[in-house]
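Source file: model_8.txt; contents: compact mmCIF, C-alpha atoms and all ligand atoms.
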# COMPACT_ATOMS: atom_id res chain seq x y z
CA MET J 1 11.94 8.38 -20.87
CA LYS J 2 9.59 5.52 -21.70
CA THR J 3 8.03 3.72 -18.72
CA GLU J 4 8.80 0.02 -19.10
CA SER J 5 7.99 -1.35 -15.64
CA LEU J 6 4.66 -1.77 -13.90
CA TYR J 7 4.08 -2.48 -10.20
CA VAL J 8 0.65 -3.71 -9.10
CA HIS J 9 -0.16 -3.76 -5.37
CA ILE J 10 -2.56 -6.32 -3.85
CA PRO J 11 -3.06 -5.34 -0.20
CA PHE J 12 -4.78 -8.46 1.17
CA CYS J 13 -3.27 -10.91 3.67
CA ASP J 14 -4.72 -13.92 5.50
CA ASN J 15 -2.77 -12.97 8.60
CA ILE J 16 -0.73 -9.97 9.65
CA CYS J 17 2.95 -10.53 10.47
CA THR J 18 4.40 -8.86 13.55
CA TYR J 19 7.09 -6.89 11.66
CA CYS J 20 5.25 -5.72 8.55
CA ASP J 21 4.52 -2.09 7.69
CA PHE J 22 3.46 -2.55 4.06
CA ALA J 23 -0.01 -1.39 2.90
CA LYS J 24 -2.20 -4.38 3.81
CA VAL J 25 -5.51 -5.43 5.37
CA TYR J 26 -7.10 -8.76 6.25
CA TYR J 27 -8.44 -10.55 3.16
CA SER J 28 -12.17 -10.28 2.53
CA GLY J 29 -13.71 -11.68 -0.66
CA GLU J 30 -16.08 -8.75 -1.03
CA LEU J 31 -13.38 -6.10 -0.51
CA ALA J 32 -11.05 -7.89 -2.91
CA ASP J 33 -13.75 -7.91 -5.62
CA ARG J 34 -14.28 -4.16 -5.21
CA TYR J 35 -10.53 -3.58 -5.13
CA LEU J 36 -9.93 -5.31 -8.46
CA VAL J 37 -12.52 -3.06 -10.11
CA ALA J 38 -10.83 0.07 -8.68
CA LEU J 39 -7.39 -1.25 -9.63
CA PHE J 40 -8.27 -1.79 -13.30
CA ASP J 41 -9.98 1.64 -13.39
CA GLU J 42 -6.72 3.19 -12.26
CA LEU J 43 -4.67 1.09 -14.65
CA ARG J 44 -6.82 2.00 -17.66
CA ARG J 45 -6.48 5.69 -16.82
CA ARG J 46 -2.75 5.69 -16.17
CA ALA J 47 -1.08 2.98 -18.26
CA GLN J 48 0.25 4.22 -21.59
CA ASN J 49 1.72 1.10 -23.12
CA ARG J 50 2.73 -2.51 -22.57
CA TYR J 51 5.53 -3.22 -20.07
CA LYS J 52 8.80 -5.16 -20.15
CA THR J 53 8.43 -6.07 -16.47
CA ILE J 54 5.29 -6.45 -14.37
CA TYR J 55 5.54 -7.13 -10.64
CA ILE J 56 2.46 -8.04 -8.59
CA GLY J 57 3.39 -7.40 -4.97
CA GLY J 58 1.66 -7.03 -1.67
CA GLY J 59 0.26 -7.73 0.74
CA THR J 60 -0.22 -11.26 -0.45
CA PRO J 61 -1.39 -11.63 -4.06
CA SER J 62 -1.79 -15.38 -3.50
CA ALA J 63 -4.44 -14.63 -0.83
CA LEU J 64 -6.88 -13.81 -3.66
CA ASP J 65 -9.22 -16.69 -4.47
CA GLU J 66 -8.81 -18.47 -7.81
CA SER J 67 -11.47 -16.51 -9.61
CA GLN J 68 -10.04 -13.16 -8.39
CA LEU J 69 -6.52 -14.24 -9.29
CA GLU J 70 -7.76 -15.14 -12.77
CA THR J 71 -9.46 -11.73 -13.14
CA LEU J 72 -6.21 -10.04 -12.14
CA LEU J 73 -3.92 -12.07 -14.40
CA GLN J 74 -6.28 -12.01 -17.35
CA GLY J 75 -6.68 -8.22 -17.05
CA LEU J 76 -2.93 -7.72 -16.97
CA GLN J 77 -2.40 -9.57 -20.28
CA ASP J 78 -3.18 -6.34 -22.16
CA TYR J 79 -0.20 -4.65 -20.48
CA LEU J 80 2.36 -7.43 -20.91
CA GLU J 81 4.99 -7.08 -23.62
CA HIS J 82 6.13 -10.19 -25.44
CA GLY J 83 9.10 -11.66 -23.52
CA ALA J 84 8.36 -9.65 -20.38
CA GLU J 85 9.42 -10.67 -16.89
CA PHE J 86 6.15 -11.24 -15.02
CA THR J 87 6.56 -11.71 -11.25
CA ILE J 88 4.07 -12.42 -8.48
CA GLU J 89 4.69 -12.45 -4.73
CA ALA J 90 3.16 -15.38 -2.88
CA ASN J 91 2.98 -16.99 0.54
CA PRO J 92 3.59 -20.76 0.68
CA GLU J 93 0.34 -21.53 2.54
CA SER J 94 -1.90 -19.96 -0.09
CA LEU J 95 -0.19 -20.81 -3.38
CA LYS J 96 -2.24 -23.96 -4.08
CA PRO J 97 -1.93 -26.09 -7.27
CA GLY J 98 -5.00 -24.46 -8.90
CA LYS J 99 -3.41 -21.02 -8.51
CA ILE J 100 -0.05 -22.27 -9.86
CA ALA J 101 -1.92 -23.54 -12.95
CA LEU J 102 -3.34 -20.01 -13.41
CA LEU J 103 0.13 -18.46 -13.14
CA LYS J 104 1.31 -20.75 -15.90
CA LYS J 105 -1.76 -20.10 -18.07
CA TYR J 106 -1.32 -16.33 -17.84
CA ARG J 107 2.45 -16.26 -18.49
CA VAL J 108 3.70 -15.46 -14.97
CA ASN J 109 7.32 -16.56 -15.21
CA ARG J 110 8.76 -15.54 -11.82
CA VAL J 111 7.48 -16.21 -8.31
CA SER J 112 8.77 -14.57 -5.13
CA LEU J 113 7.98 -16.70 -2.07
CA GLY J 114 7.95 -15.16 1.40
CA VAL J 115 9.68 -17.68 3.63
CA GLN J 116 11.61 -15.53 6.18
CA THR J 117 13.17 -18.49 8.05
CA PHE J 118 13.06 -22.28 8.17
CA ASN J 119 12.88 -22.27 11.98
CA GLU J 120 9.22 -23.08 12.58
CA ASP J 121 9.21 -21.69 16.16
CA LEU J 122 10.51 -18.37 14.87
CA LEU J 123 7.90 -18.43 12.09
CA GLN J 124 5.18 -18.75 14.72
CA SER J 125 6.60 -15.88 16.73
CA LEU J 126 6.36 -13.72 13.57
CA ASN J 127 2.74 -14.81 13.11
CA ARG J 128 3.50 -16.63 9.87
CA ARG J 129 1.15 -19.43 8.90
CA HIS J 130 3.29 -21.77 6.85
CA ASN J 131 5.71 -24.59 7.71
CA ASN J 132 8.75 -25.97 5.94
CA ALA J 133 6.84 -28.80 4.25
CA MET J 134 4.61 -26.20 2.52
CA VAL J 135 7.65 -24.32 1.22
CA ASP J 136 9.27 -27.50 -0.10
CA GLU J 137 6.04 -28.58 -1.76
CA THR J 138 5.34 -25.18 -3.32
CA VAL J 139 8.85 -24.95 -4.79
CA ALA J 140 8.51 -28.48 -6.21
CA LEU J 141 5.07 -27.70 -7.70
CA LEU J 142 6.34 -24.47 -9.29
CA LYS J 143 9.30 -26.25 -10.87
CA LYS J 144 7.02 -29.03 -12.09
CA ALA J 145 4.78 -26.42 -13.70
CA GLY J 146 7.83 -25.00 -15.50
CA ILE J 147 8.18 -21.86 -13.36
CA ALA J 148 11.77 -22.31 -12.25
CA ASN J 149 12.58 -18.62 -11.81
CA ILE J 150 11.85 -18.53 -8.09
CA ASN J 151 12.96 -16.07 -5.44
CA ILE J 152 12.91 -16.82 -1.73
CA ASP J 153 12.74 -13.99 0.83
CA LEU J 154 14.61 -14.60 4.07
CA MET J 155 15.27 -12.37 7.07
CA TYR J 156 17.96 -12.14 9.74
CA GLY J 157 18.02 -10.14 12.96
CA LEU J 158 14.93 -11.92 14.33
CA LYS J 159 14.53 -12.03 18.11
CA GLY J 160 15.99 -15.29 19.42
CA GLN J 161 17.57 -16.21 16.06
CA THR J 162 21.02 -17.75 16.53
CA MET J 163 23.93 -18.19 14.13
CA ALA J 164 23.01 -21.89 14.05
CA ASP J 165 19.49 -20.91 12.87
CA ILE J 166 20.93 -18.83 10.05
CA LYS J 167 23.27 -21.66 9.09
CA ASN J 168 20.28 -24.01 9.04
CA ASP J 169 18.25 -21.51 6.94
CA LEU J 170 21.11 -21.37 4.45
CA ASP J 171 21.40 -25.17 4.29
CA HIS J 172 17.68 -25.58 3.64
CA LEU J 173 17.72 -22.82 1.06
CA ILE J 174 20.66 -24.32 -0.84
CA ASN J 175 18.84 -27.67 -0.97
CA LEU J 176 15.81 -26.04 -2.57
CA ASP J 177 18.05 -24.89 -5.41
CA VAL J 178 16.18 -21.71 -6.42
CA PRO J 179 18.01 -19.15 -8.58
CA HIS J 180 17.33 -15.97 -6.52
CA VAL J 181 17.42 -15.01 -2.85
CA SER J 182 16.45 -11.74 -1.14
CA TYR J 183 18.02 -11.75 2.31
CA TYR J 184 16.74 -8.84 4.40
CA SER J 185 17.97 -7.48 7.68
CA LEU J 186 14.84 -7.06 9.83
CA ILE J 187 13.84 -3.41 10.00
CA LEU J 188 11.99 -2.31 13.13
CA GLU J 189 9.24 -0.31 11.47
CA GLU J 190 7.06 2.07 13.44
CA HIS J 191 3.40 1.01 13.80
CA THR J 192 4.24 -2.71 13.79
CA MET J 193 3.64 -5.20 16.60
CA ILE J 194 7.36 -5.69 17.22
CA ALA J 195 7.94 -1.94 17.53
CA ARG J 196 5.79 -2.08 20.69
CA GLU J 197 7.81 -4.81 22.38
CA SER J 198 11.44 -4.64 23.44
CA TYR J 199 13.16 -5.99 20.36
CA PRO J 200 16.96 -6.27 20.39
CA GLU J 201 18.75 -4.45 17.57
CA LEU J 202 21.71 -6.20 15.98
CA GLU J 203 25.13 -5.06 17.19
CA ASP J 204 27.60 -4.11 14.45
CA GLU J 205 29.77 -7.06 15.40
CA SER J 206 27.03 -9.67 14.96
CA LEU J 207 25.90 -7.95 11.79
CA GLY J 208 29.41 -8.37 10.36
CA GLU J 209 29.50 -12.04 11.36
CA ILE J 210 26.06 -12.74 9.87
CA SER J 211 26.86 -10.97 6.58
CA LYS J 212 30.08 -12.98 6.32
CA LEU J 213 28.22 -16.25 6.87
CA ILE J 214 25.48 -15.43 4.34
CA ASP J 215 27.81 -14.04 1.67
CA GLY J 216 30.29 -16.87 2.07
CA CYS J 217 27.68 -19.60 1.85
CA LEU J 218 25.69 -18.11 -1.04
CA GLU J 219 28.75 -17.19 -3.08
CA ALA J 220 30.21 -20.68 -2.58
CA ASN J 221 26.97 -22.08 -3.97
CA GLY J 222 26.96 -20.05 -7.17
CA TYR J 223 24.92 -17.00 -6.16
CA LYS J 224 26.27 -13.55 -7.02
CA HIS J 225 25.69 -10.86 -4.40
CA TYR J 226 24.50 -8.23 -6.89
CA GLU J 227 22.64 -5.80 -4.63
CA VAL J 228 22.78 -5.02 -0.90
CA SER J 229 20.05 -7.61 -0.06
CA ASN J 230 19.91 -9.67 -3.27
CA TYR J 231 21.71 -12.72 -4.61
CA ALA J 232 21.18 -14.45 -7.94
CA LYS J 233 22.55 -17.21 -10.09
CA LEU J 234 23.88 -15.99 -13.42
CA GLY J 235 21.11 -14.47 -15.55
CA PHE J 236 18.47 -14.59 -12.80
CA GLU J 237 18.81 -11.05 -11.45
CA SER J 238 15.38 -9.47 -11.04
CA ARG J 239 14.82 -7.33 -14.13
CA HIS J 240 11.99 -5.44 -12.43
CA ASN J 241 14.06 -4.54 -9.39
CA LEU J 242 17.03 -3.63 -11.60
CA ALA J 243 14.77 -1.00 -13.17
CA TYR J 244 14.38 0.57 -9.69
CA TRP J 245 18.10 0.45 -9.00
CA HIS J 246 18.91 1.93 -12.40
CA TYR J 247 16.33 4.62 -11.54
CA CYS J 248 14.29 4.00 -14.67
CA ASN J 249 10.64 5.06 -14.84
CA TYR J 250 8.00 2.80 -13.29
CA LEU J 251 4.27 3.03 -12.91
CA GLY J 252 2.84 1.80 -9.59
CA VAL J 253 -0.89 1.12 -9.31
CA GLY J 254 -2.96 0.11 -6.32
CA VAL J 255 -3.20 1.22 -2.74
CA GLY J 256 0.05 2.66 -1.35
CA ALA J 257 1.97 2.14 -4.63
CA ALA J 258 4.57 4.66 -5.77
CA SER J 259 5.51 5.70 -9.31
CA LYS J 260 8.52 7.47 -10.74
CA ILE J 261 7.81 9.10 -14.06
CA ASP J 262 10.75 11.25 -15.21
CA ASP J 263 11.12 13.91 -12.52
CA ARG J 264 7.79 13.20 -10.79
CA ILE J 265 7.31 10.93 -7.77
CA ILE J 266 3.67 9.95 -7.40
CA GLN J 267 2.49 8.44 -4.12
CA ASN J 268 -0.82 6.60 -4.06
CA ASN J 269 -3.16 6.71 -1.10
CA ARG J 270 -2.37 4.11 1.59
CA ASN J 271 -5.95 4.22 2.83
CA LEU J 272 -7.92 1.41 1.19
CA TYR J 273 -11.31 3.07 1.59
CA LYS J 274 -10.13 6.33 0.03
CA TYR J 275 -8.58 4.33 -2.78
CA LEU J 276 -11.81 2.40 -3.37
CA GLY J 277 -13.65 5.73 -3.43
CA GLY J 278 -11.49 6.80 -6.39
CA GLU J 279 -8.99 8.95 -4.45
CA ASN J 280 -6.04 7.08 -5.93
CA ILE J 281 -3.27 9.60 -5.72
CA GLN J 282 -2.23 11.20 -2.47
CA GLU J 283 0.76 13.28 -3.48
CA VAL J 284 2.73 14.27 -6.56
CA SER J 285 6.15 15.77 -5.99
CA GLU J 286 8.14 17.40 -8.75
CA GLN J 287 11.84 16.78 -8.24
CA SER J 288 14.57 19.14 -9.35
CA GLN J 289 17.21 17.64 -11.64
CA LYS J 290 19.62 17.64 -8.69
CA GLU J 291 17.16 15.66 -6.56
CA THR J 292 16.53 13.18 -9.37
CA MET J 293 20.28 12.74 -9.84
CA PHE J 294 20.67 12.20 -6.07
CA ASN J 295 17.94 9.54 -6.06
CA HIS J 296 19.58 7.83 -9.01
CA ILE J 297 22.98 7.74 -7.25
CA MET J 298 21.35 6.49 -4.04
CA MET J 299 19.62 3.62 -5.86
CA SER J 300 22.54 2.60 -8.07
CA LEU J 301 25.14 2.55 -5.31
CA ARG J 302 23.12 -0.32 -3.78
CA LEU J 303 24.27 -2.40 -6.76
CA LYS J 304 27.61 -4.16 -6.53
CA GLU J 305 28.36 -3.07 -10.13
CA GLY J 306 27.69 0.53 -9.00
CA LEU J 307 26.59 3.57 -10.99
CA ASP J 308 27.13 3.66 -14.76
CA LEU J 309 28.79 7.06 -15.20
CA GLU J 310 28.46 7.30 -18.98
CA GLY J 311 24.76 6.40 -18.79
CA PHE J 312 24.30 8.98 -16.03
CA ASN J 313 26.05 11.73 -18.04
CA GLN J 314 23.92 11.01 -21.08
CA ARG J 315 20.67 10.89 -19.17
CA TYR J 316 21.21 14.20 -17.33
CA GLN J 317 23.55 15.93 -19.79
CA VAL J 318 26.17 16.54 -17.10
CA ASP J 319 29.76 15.58 -16.43
CA PHE J 320 29.50 13.51 -13.24
CA GLU J 321 33.14 13.85 -12.28
CA LYS J 322 33.02 17.64 -12.59
CA PHE J 323 29.58 18.05 -11.01
CA TYR J 324 30.50 16.00 -7.89
CA ARG J 325 34.20 16.99 -7.86
CA LYS J 326 34.23 17.76 -4.13
CA VAL J 327 32.45 14.55 -3.09
CA LEU J 328 34.79 12.46 -5.21
CA ALA J 329 37.85 14.25 -3.77
CA LYS J 330 36.63 13.29 -0.29
CA HIS J 331 35.61 9.68 -0.96
CA LEU J 332 37.61 8.22 -3.87
CA GLY J 333 40.19 5.73 -2.63
CA HIS J 334 38.44 5.45 0.75
CA THR J 335 34.75 4.62 0.58
CA MET J 336 34.37 4.45 -3.20
CA MET J 337 36.26 3.95 -6.44
CA ILE J 338 35.74 4.25 -10.18
CA ARG J 339 36.06 0.87 -11.89
CA ASP J 340 35.52 0.37 -15.64
CA GLY J 341 33.37 3.49 -15.86
CA PHE J 342 31.22 2.63 -12.83
CA LEU J 343 31.24 4.38 -9.44
CA VAL J 344 31.44 1.57 -6.89
CA LEU J 345 31.30 1.54 -3.10
CA SER J 346 34.11 -0.25 -1.31
CA LYS J 347 33.11 -3.41 0.55
CA ASN J 348 32.88 -2.02 4.10
CA ALA J 349 31.25 1.26 3.00
CA TYR J 350 27.78 -0.38 2.73
CA ASP J 351 27.28 -0.15 6.49
CA ASN J 352 27.68 3.65 6.29
CA LEU J 353 25.81 4.17 3.04
CA ASN J 354 23.59 6.97 4.37
CA SER J 355 26.43 9.04 5.78
CA ILE J 356 28.23 8.80 2.41
CA LEU J 357 25.12 9.63 0.40
CA VAL J 358 24.43 12.93 2.19
CA ASP J 359 27.58 14.32 0.59
CA PHE J 360 25.85 14.05 -2.82
CA LEU J 361 22.99 16.27 -1.66
C1 LIG H 1 5.88 -7.18 2.16
S1 LIG H 1 6.14 -8.87 1.88
C2 LIG H 1 4.99 -9.21 0.62
C3 LIG H 1 5.01 -10.63 0.16
C4 LIG H 1 4.38 -11.69 1.03
N1 LIG H 1 3.19 -11.31 1.67
C5 LIG H 1 5.35 -12.18 2.09
O1 LIG H 1 5.07 -12.08 3.26
O2 LIG H 1 6.39 -12.64 1.69
C6 LIG H 1 7.69 -8.95 0.99
C7 LIG H 1 8.89 -9.19 1.86
O3 LIG H 1 9.24 -8.04 2.57
C8 LIG H 1 10.09 -8.42 3.63
N2 LIG H 1 9.78 -7.58 4.79
C9 LIG H 1 8.58 -7.15 5.20
N3 LIG H 1 8.68 -6.40 6.31
C10 LIG H 1 10.00 -6.33 6.60
C11 LIG H 1 10.76 -5.71 7.64
N4 LIG H 1 10.17 -5.01 8.61
N5 LIG H 1 12.10 -5.84 7.61
C12 LIG H 1 12.71 -6.55 6.65
N6 LIG H 1 12.06 -7.17 5.66
C13 LIG H 1 10.71 -7.07 5.63
C14 LIG H 1 9.81 -9.89 3.93
O4 LIG H 1 10.97 -10.65 3.71
C15 LIG H 1 8.74 -10.25 2.94
O5 LIG H 1 8.89 -11.52 2.41
S1 LIG H 2 4.89 -9.85 5.45
FE1 LIG H 2 3.57 -10.43 3.76
S2 LIG H 2 2.01 -11.77 4.72
FE2 LIG H 2 3.01 -10.71 6.37
S3 LIG H 2 1.68 -8.94 6.74
FE3 LIG H 2 3.32 -8.27 5.36
S4 LIG H 2 2.50 -8.49 3.35
FE4 LIG H 2 1.18 -9.70 4.74
Let me see the file written as structure tokens.
Ligand SMILES: C[S@@+](CC[C@H](N)C(=O)[O-])C[C@H]1O[C@@H](n2cnc3c(N)ncnc32)[C@H](O)[C@@H]1O
Ligand code: SF4
Amino acid sequence: MKTESLYVHIPFCDNICTYCDFAKVYYSGELADRYLVALFDELRRRAQNRYKTIYIGGGTPSALDESQLETLLQGLQDYLEHGAEFTIEANPESLKPGKIALLKKYRVNRVSLGVQTFNEDLLQSLNRRHNNAMVDETVALLKKAGIANINIDLMYGLKGQTMADIKNDLDHLINLDVPHVSYYSLILEEHTMIARESYPELEDESLGEISKLIDGCLEANGYKHYEVSNYAKLGFESRHNLAYWHYCNYLGVGVGAASKIDDRIIQNNRNLYKYLGGENIQEVSEQSQKETMFNHIMMSLRLKEGLDLEGFNQRYQVDFEKFYRKVLAKHLGHTMMIRDGFLVLSKNAYDNLNSILVDFL
């Protein structure tokens, strides 16, 4: 299968948030310069073609200074297919007008802004460095520059966050009128600052209430809930993330990045100094066809449209309904259904996704 998606990891942040377990370090100009050299070395060795989607994630890509950002974007031009979706993640405090001009110049056409909440006290408790005025201004500047395909990341389940806070977050979000929202439930990751304090986990009951509030408000305002944590206006679904959920191939470069190339999962080193020393890849695991099929099912059931059975049968040369006869006998009509050739989870089955998935193993 051809690899049509490229993920590029930039591990630098100006500050470290209390909940974050992604591969990141404090920004240093000298380290970032060395990193970009190592990154393009890896890319030249591993990239085979141009890509239909490129996603620069982090860390905080917008923490790079203008000249580093230009080096990055200019270097990626050689890998960009005509008409590609080209996304960059950014934090509102560091995406200044000069950097927005560079995004435009180098054909970045989608920006994902980390906002998390519009409650400024909560933002401080998470160790975020922006305020609401910076978000409003950044969104306005992006639109003015002609980059209207904007995603905003929000989170619920924060300590001290009330239903009124979430309602207020939704109101502010709707006013910004961006076409895509990723709304994450806070995950208490090991090795993070919040894992060391007593952090309340959401009860099932509040989770249900919050989901209802978010879904109701976003759907009423024209967003389609197309994946567990993602909502988009028509035509603004993330093409790059859809490639993950359709379990297509992707190449991931940079520290901590992962790639899926046919039946191989390649995990890059999470240690920046090893990566800079040229030890890019930490582990390559060959998956059996059954494991690959399982991963594909796991990813696609996150989508509201579900798993395309005909596409699955063609890709793996199997008959899904025969191969998983026993699982379907157990779950069809209860936790899942087949609708227009797609295997779809029923609405309340999302909370028990893992316990359903193990049956496919
Ligand atoms: C890893 S950050 C990278 C982009 C950028 N630095 C930022 O902070 O938005 C991407 C998104 O992941 C989400 N995220 C990070 N850690 C999380 C956690 N523990 N639980 C839920 N979502 C998380 C946040 O919503 C964040 O915006
Ligand atoms: S959430 Fe974003 S800004 Fe905060 S530490 Fe993680 S990558 Fe950096």
Selection near range 167-183 of chain J, 8 Å with all atoms listed in the file, sequence-local residues under 2 positions removed, as a short mmCIF file (atom, residue, chain, number, x, y, z; two decimals) with C-alpha atoms, keeping the file's coordinate frame:
data_model
loop_
_atom_site.label_atom_id
_atom_site.label_comp_id
_atom_site.auth_asym_id
_atom_site.auth_seq_id
_atom_site.Cartn_x
_atom_site.Cartn_y
_atom_site.Cartn_z
CA THR J 117 13.17 -18.49 8.05
CA PHE J 118 13.06 -22.28 8.17
CA ASN J 119 12.88 -22.27 11.98
CA ASP J 136 9.27 -27.50 -0.10
CA VAL J 139 8.85 -24.95 -4.79
CA ALA J 148 11.77 -22.31 -12.25
CA ASN J 149 12.58 -18.62 -11.81
CA ILE J 150 11.85 -18.53 -8.09
CA ASN J 151 12.96 -16.07 -5.44
CA ILE J 152 12.91 -16.82 -1.73
CA ASP J 153 12.74 -13.99 0.83
CA LEU J 154 14.61 -14.60 4.07
CA MET J 155 15.27 -12.37 7.07
CA TYR J 156 17.96 -12.14 9.74
CA MET J 163 23.93 -18.19 14.13
CA ALA J 164 23.01 -21.89 14.05
CA ASP J 165 19.49 -20.91 12.87
CA SER J 185 17.97 -7.48 7.68
CA LEU J 213 28.22 -16.25 6.87
CA ILE J 214 25.48 -15.43 4.34
CA CYS J 217 27.68 -19.60 1.85
CA LEU J 218 25.69 -18.11 -1.04
CA ASN J 221 26.97 -22.08 -3.97
CA TYR J 223 24.92 -17.00 -6.16
CA SER J 229 20.05 -7.61 -0.06
CA ASN J 230 19.91 -9.67 -3.27
CA TYR J 231 21.71 -12.72 -4.61
CA ALA J 232 21.18 -14.45 -7.94
CA LYS J 233 22.55 -17.21 -10.09
CA PHE J 236 18.47 -14.59 -12.80
CA GLU J 237 18.81 -11.05 -11.45
#
Fill in: Separation of atom N5 of ligand LIG 1 (chain H) from CA of Ile261 in chain J in Å
26.7 Å
Worksheet item: Which chains and residue numbers are within 9 Å of ligand LIG 2 (chain H), counting all atoms listed in the file, if I want them as an NGL selection string?
Response: :J and (11-26 or 57-61 or 63 or 89-91 or 114 or 116 or 126-129)
Discussion item. As a list in words, please: the residues near range 34-47 of chain J (cut-off 7 Å, all atoms listed in the file, same-chain neighbours under 6 positions excluded).
Written reply: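 Final neighbour list, sorted by chain and number: Val253, Gly254 and Leu276 of chain J.
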Worksheet item: By how many Å are atom C5 of ligand LIG 1 (chain H) and CA of Leu357 in chain J apart?
Response: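 For atom C5 of ligand LIG 1 (chain H) relative to CA of Leu357 in chain J, the distance reads 29.5 Å.
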Item to complete: Just give me the gap between CA of Leu113 in chain J and CA of Glu209 in chain J in Å, one decimal is fine.
Response: 25.8 Å
Discussion item. Give me, as number ranges by chain, all polymer residues having an atom no more than 10 Å from Tyr324 in chain J, counting only C-alpha atoms and skipping those fewer than 3 positions away in the same chain.
Written reply: J: 319-321, 327-329, 359-361
Fill in: Selected residue, from J:Tyr244, J:Tyr350, J:Tyr184, J:Tyr79, that lies nearest to ligand LIG 1 (chain H) when counting all atoms listed in the file
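Residue with the minimum atom-to-atom distance to ligand LIG 1 (chain H): J:Tyr184.
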Discussion item. Measuring between only C-alpha atoms and all ligand atoms, which one of J:Glu197, J:Glu189, J:Glu203, J:Asp263 shows the shortest distance to ligand LIG 1 (chain H)?
Written reply: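 Among J:Glu197, J:Glu189, J:Glu203, J:Asp263, it is J:Glu189 that comes nearest to ligand LIG 1 (chain H).
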Worksheet item: Of the residues J:Val358, J:Lys2, J:Tyr7, J:Val135, which is the one nearest to Gly256 in chain J, using all atoms listed in the file?
Response: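 Among the listed residues, the smallest separation from Gly256 in chain J belongs to J:Tyr7.
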If we count all atoms listed in the file, what is near Asp351 in chain J at a cut-off of 10 Å, once residues fewer than 3 positions away on the same chain are taken out, given as a short mmCIF file (atom, residue, chain, number, x, y, z; two decimals) with C-alpha atoms, in the frame of the given file?
data_model
loop_
_atom_site.label_atom_id
_atom_site.label_comp_id
_atom_site.auth_asym_id
_atom_site.auth_seq_id
_atom_site.Cartn_x
_atom_site.Cartn_y
_atom_site.Cartn_z
CA ASP J 204 27.60 -4.11 14.45
CA LEU J 207 25.90 -7.95 11.79
CA GLY J 208 29.41 -8.37 10.36
CA VAL J 228 22.78 -5.02 -0.90
CA LYS J 347 33.11 -3.41 0.55
CA ASN J 348 32.88 -2.02 4.10
CA ASN J 354 23.59 6.97 4.37
CA SER J 355 26.43 9.04 5.78
CA ILE J 356 28.23 8.80 2.41
#
Worksheet item: Pick from J:Leu188, J:Leu69, J:Val8, J:Ala349: nearest to ligand LIG 1 (chain H), with all atoms listed in the file counted?
Response: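 Checking each candidate against ligand LIG 1 (chain H), we get J:Leu188 as the closest.
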Worksheet entry | Spatial sel., origin (19.3, 13.0, -17.6), limit 12 Å, all atoms listed in the file, listed as a ChimeraX atom specification | /J:1,247-248,262-263,288-294,296,309-320
Item to complete: May I ask which of the residues J:Glu30, J:Asp65, J:Glu190, J:Asp121 is the closest one to ligand LIG 1 (chain H), counting only C-alpha atoms and all ligand atoms?
Response: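 Closest to ligand LIG 1 (chain H) of all the choices is J:Glu190.
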Worksheet entry | Who sits within 9 Å of Glu286 in chain J, all atoms listed in the file, same chain under 3 positions skipped, as a PyMOL selection string | chain J and resi 263-266
Discussion item. From the options J:Thr3, J:Asn352, J:Asn280, J:Thr192, which residue's atoms come nearest to ligand LIG 1 (chain H), counting all atoms listed in the file?
Written reply: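 Once distances to ligand LIG 1 (chain H) are computed over all atoms listed in the file, the minimum belongs to J:Thr192.
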If I wrap all listed atoms of range 73-83 of chain J in a box with edges along x, y and z and add 8 Å on each side, what are its centre and edge lengths in Å to one decimal, as AutoDock Vina command-line options?
--center_x 1.2 --center_y -8.4 --center_z -19.9 --size_x 31.8 --size_y 23.4 --size_z 27.0
